[in-house]
Amino acid sequence: MKLLANQIRPKSLKDIIGQNHLVGPNKILTNLIKNQKMFSIILYGLPGTGKTSLAEAIVNDLKKKFRSLNAVINNKSDFDIVIEEAKMNGEMILIIDEIHRMNKDKQDLLLPYIESGLLTIIGLTTSNPYHSINPAIRSRCQIFEVFPLGEADIKKGLKKGSKYLENIKIDDDSINIIVKSSSGDLRSALNLLEMAYYSSNDGHITTEVLKNINSKPNLYIDKNDTNYYDTISALQKSIRGSDVDA
């Protein structure tokens, strides 16, 4: 079964939810597409914020040859194949998921082709690229942060996803619970909506159903990354009251 989050994945930049600093009238990515020009970029941000959706929307709108690889599961020979294909086509856009996990051999392999323009890469990472990505790769890319979605954007995504669930019944209180628990992660919100739908009686999603499935908010904490310290700092500020929004 195809997950709801994948069913509603945007096919074009105009379908992207949120990221108004990158997408929209006179914004960076929109203008690049309008001018049919793309440069190597790195998109970084928390899970579920739309990095993959942005990358796929970009290549769909450009209507250019592209390939997608994952730095974790794809080996050097997979990258070799993409390079040879790029040589035959004259150029290629390469989406690299988990780009921060590329080992030195893969990075050294790509550098001259990025430099020459044969490959245009769109790197995706949940890690801070200024800490985790080789400076040689970083210097050849423009870096853009992808932000967690606001509550209005999450609600928009849930409304869009609800259209794929036949005869769904959900009230505002239940929607607000999903929104609050998602912490800006639309994929998490859609997964919870879908699970609640199929585990409920006749597609009727109630607050009780949601609490039985997920009673805790979706927090992104990585003990080896800066988010760990950001979370501790926010907790401390909220306790002492120096930042009411922490």
# chains A, B, ... in the order shown; residues from 1 in each chain; ligands from 1
$ closest_atom_pairs --of "region 116-161 of chain A" --to "region 61-67 of chain A" --cutoff "10 Å" --atoms "only C-alpha atoms" --output "Markdown table"
| residue | atom | partner | partner_atom | distance |
| --- | --- | --- | --- | --- |
| A:Leu119 | CA | A:Phe66 | CA | 9.5 |
| A:Thr120 | CA | A:Phe66 | CA | 9.2 |
| A:Ile121 | CA | A:Phe66 | CA | 9.4 |
$ select_by_dssp --residues "region 7-146 of chain A" --states "strand (DSSP E)" --output "list in words"
Ile41, Ile42, Leu43, Tyr44, Phe66, Arg67, Ser68, Leu69, Asn70, Met92, Ile93, Leu94, Ile95, Ile96, Asp97, Leu119, Thr120, Ile121, Ile122, Gly123, Leu124, Thr125, Gln142, Ile143, Phe144 and Glu145 of chain A
$ residues_around --residues "His21 (chain A)" --least-positions-apart "3" --cutoff "12 Å" --atoms "only C-alpha atoms" --output "number ranges by chain"
A: 16-18, 24-30, 144-147, 149
$ write_last_selection --atoms "all heavy atoms" --output "tab-separated table (two decimals), in the first residue's frame"
chain	number	residue	atom	x	y	z
A	16	ILE	N	4.15	22.91	-3.58
A	16	ILE	CA	4.90	22.85	-2.32
A	16	ILE	C	4.14	23.58	-1.21
A	16	ILE	O	3.63	24.69	-1.42
A	16	ILE	CB	6.30	23.47	-2.48
A	16	ILE	CG1	7.16	22.62	-3.44
A	16	ILE	CG2	7.00	23.63	-1.14
A	16	ILE	CD1	7.55	21.27	-2.88
A	17	ILE	N	4.09	22.96	-0.05
A	17	ILE	CA	3.47	23.58	1.12
A	17	ILE	C	4.57	24.18	2.00
A	17	ILE	O	5.51	23.49	2.37
A	17	ILE	CB	2.64	22.55	1.91
A	17	ILE	CG1	1.48	22.04	1.06
A	17	ILE	CG2	2.11	23.15	3.22
A	17	ILE	CD1	0.68	20.92	1.70
A	18	GLY	N	4.43	25.46	2.34
A	18	GLY	CA	5.44	26.13	3.17
A	18	GLY	C	6.66	26.54	2.37
A	18	GLY	O	6.63	26.66	1.14
A	24	GLY	N	7.66	30.65	-4.37
A	24	GLY	CA	6.60	31.64	-4.47
A	24	GLY	C	7.00	32.75	-5.41
A	24	GLY	O	8.10	32.74	-5.98
A	25	PRO	N	6.15	33.75	-5.59
A	25	PRO	CA	6.45	34.86	-6.51
A	25	PRO	C	7.77	35.55	-6.18
A	25	PRO	O	8.00	35.96	-5.05
A	25	PRO	CB	5.26	35.82	-6.30
A	25	PRO	CG	4.16	34.93	-5.80
A	25	PRO	CD	4.82	33.87	-4.98
A	26	ASN	N	8.64	35.60	-7.16
A	26	ASN	CA	9.94	36.28	-7.06
A	26	ASN	C	10.86	35.67	-6.01
A	26	ASN	O	11.74	36.36	-5.48
A	26	ASN	CB	9.74	37.77	-6.77
A	26	ASN	CG	10.89	38.61	-7.31
A	26	ASN	OD1	11.51	38.25	-8.31
A	26	ASN	ND2	11.20	39.71	-6.64
A	27	LYS	N	10.69	34.38	-5.69
A	27	LYS	CA	11.57	33.70	-4.75
A	27	LYS	C	12.65	32.92	-5.51
A	27	LYS	O	12.53	32.66	-6.71
A	27	LYS	CB	10.78	32.76	-3.84
A	27	LYS	CG	9.75	33.47	-2.98
A	27	LYS	CD	10.39	34.47	-2.04
A	27	LYS	CE	9.35	35.15	-1.16
A	27	LYS	NZ	9.93	36.12	-0.24
A	28	ILE	N	13.69	32.54	-4.80
A	28	ILE	CA	14.90	31.99	-5.42
A	28	ILE	C	14.62	30.80	-6.33
A	28	ILE	O	14.94	30.81	-7.53
A	28	ILE	CB	15.92	31.59	-4.34
A	28	ILE	CG1	16.34	32.81	-3.53
A	28	ILE	CG2	17.15	30.94	-4.96
A	28	ILE	CD1	17.09	32.47	-2.26
A	29	LEU	N	14.05	29.74	-5.78
A	29	LEU	CA	13.86	28.51	-6.56
A	29	LEU	C	12.85	28.72	-7.69
A	29	LEU	O	13.03	28.20	-8.79
A	29	LEU	CB	13.42	27.37	-5.65
A	29	LEU	CG	14.44	26.91	-4.60
A	29	LEU	CD1	13.90	25.73	-3.80
A	29	LEU	CD2	15.78	26.53	-5.25
A	30	THR	N	11.81	29.49	-7.41
A	30	THR	CA	10.81	29.77	-8.43
A	30	THR	C	11.43	30.50	-9.62
A	30	THR	O	11.16	30.17	-10.78
A	30	THR	CB	9.65	30.60	-7.85
A	30	THR	OG1	9.07	29.89	-6.74
A	30	THR	CG2	8.58	30.86	-8.89
A	144	PHE	N	20.77	26.01	1.27
A	144	PHE	CA	19.48	26.57	1.69
A	144	PHE	C	18.89	25.73	2.82
A	144	PHE	O	18.84	24.51	2.73
A	144	PHE	CB	18.49	26.61	0.52
A	144	PHE	CG	18.95	27.45	-0.64
A	144	PHE	CD1	19.28	26.84	-1.85
A	144	PHE	CD2	19.05	28.82	-0.54
A	144	PHE	CE1	19.71	27.60	-2.93
A	144	PHE	CE2	19.47	29.59	-1.61
A	144	PHE	CZ	19.80	28.98	-2.81
A	145	GLU	N	18.43	26.42	3.85
A	145	GLU	CA	17.79	25.71	4.95
A	145	GLU	C	16.29	25.55	4.66
A	145	GLU	O	15.64	26.46	4.16
A	145	GLU	CB	17.97	26.47	6.26
A	145	GLU	CG	17.41	25.72	7.47
A	145	GLU	CD	17.73	26.37	8.79
A	145	GLU	OE1	18.33	27.47	8.78
A	145	GLU	OE2	17.38	25.80	9.84
A	146	VAL	N	15.78	24.36	4.97
A	146	VAL	CA	14.36	24.06	4.81
A	146	VAL	C	13.76	24.03	6.22
A	146	VAL	O	14.18	23.23	7.06
A	146	VAL	CB	14.15	22.71	4.09
A	146	VAL	CG1	12.67	22.42	3.92
A	146	VAL	CG2	14.84	22.73	2.73
A	147	PHE	N	12.79	24.90	6.48
A	147	PHE	CA	12.30	25.09	7.83
A	147	PHE	C	11.13	24.16	8.17
A	147	PHE	O	10.38	23.74	7.28
A	147	PHE	CB	11.84	26.54	8.03
A	147	PHE	CG	12.94	27.54	7.86
A	147	PHE	CD1	12.86	28.54	6.89
A	147	PHE	CD2	14.07	27.50	8.67
A	147	PHE	CE1	13.86	29.47	6.74
A	147	PHE	CE2	15.09	28.43	8.52
A	147	PHE	CZ	14.99	29.41	7.55
A	149	LEU	N	7.43	23.21	9.16
A	149	LEU	CA	6.22	23.87	8.69
A	149	LEU	C	5.44	24.47	9.86
A	149	LEU	O	5.43	23.92	10.96
A	149	LEU	CB	5.34	22.88	7.92
A	149	LEU	CG	5.65	22.72	6.43
A	149	LEU	CD1	7.04	22.15	6.21
A	149	LEU	CD2	4.61	21.85	5.75
$ residues_around --residues "region 157-161 of chain A" --least-positions-apart "5" --cutoff "7 Å" --atoms "only C-alpha atoms" --output "list of chain:residue names"
A:Leu4, A:Ile8, A:Leu186, A:Leu190
$ atom_distance --atom1 "CA of Ser12 (chain A)" --atom2 "CA of Ile58 (chain A)"
6.9 Å
$ residues_around --residues "Met195 (chain A)" --least-positions-apart "5" --cutoff "12 Å" --atoms "only C-alpha atoms" --output "ChimeraX atom specification"
/A:3-5,165,178,188-190,200-201,203-205,209-210,212-214
$ closest_residue --among "A:Ile114, A:Ile81, A:Leu193, A:Ile143" --to "Lys155 (chain A)" --atoms "only C-alpha atoms"
A:Leu193
$ residues_around --residues "Glu151 (chain A)" --least-positions-apart "2" --cutoff "8 Å" --atoms "only C-alpha atoms" --output "PyMOL selection string"
chain A and resi 149+153-155+179-180+184
$ select_by_dssp --residues "region 81-218 of chain A" --states "helix (DSSP H, G or I)" --output "PyMOL selection string"
chain A and resi 81-89+99-101+104-116+129-132+135-138+151-162+172-182+186-198+207-213
$ closest_residue --among "A:Tyr164, A:Leu69, A:Ser40, A:Gly150" --to "Ile137 (chain A)" --atoms "only C-alpha atoms"
A:Ser40
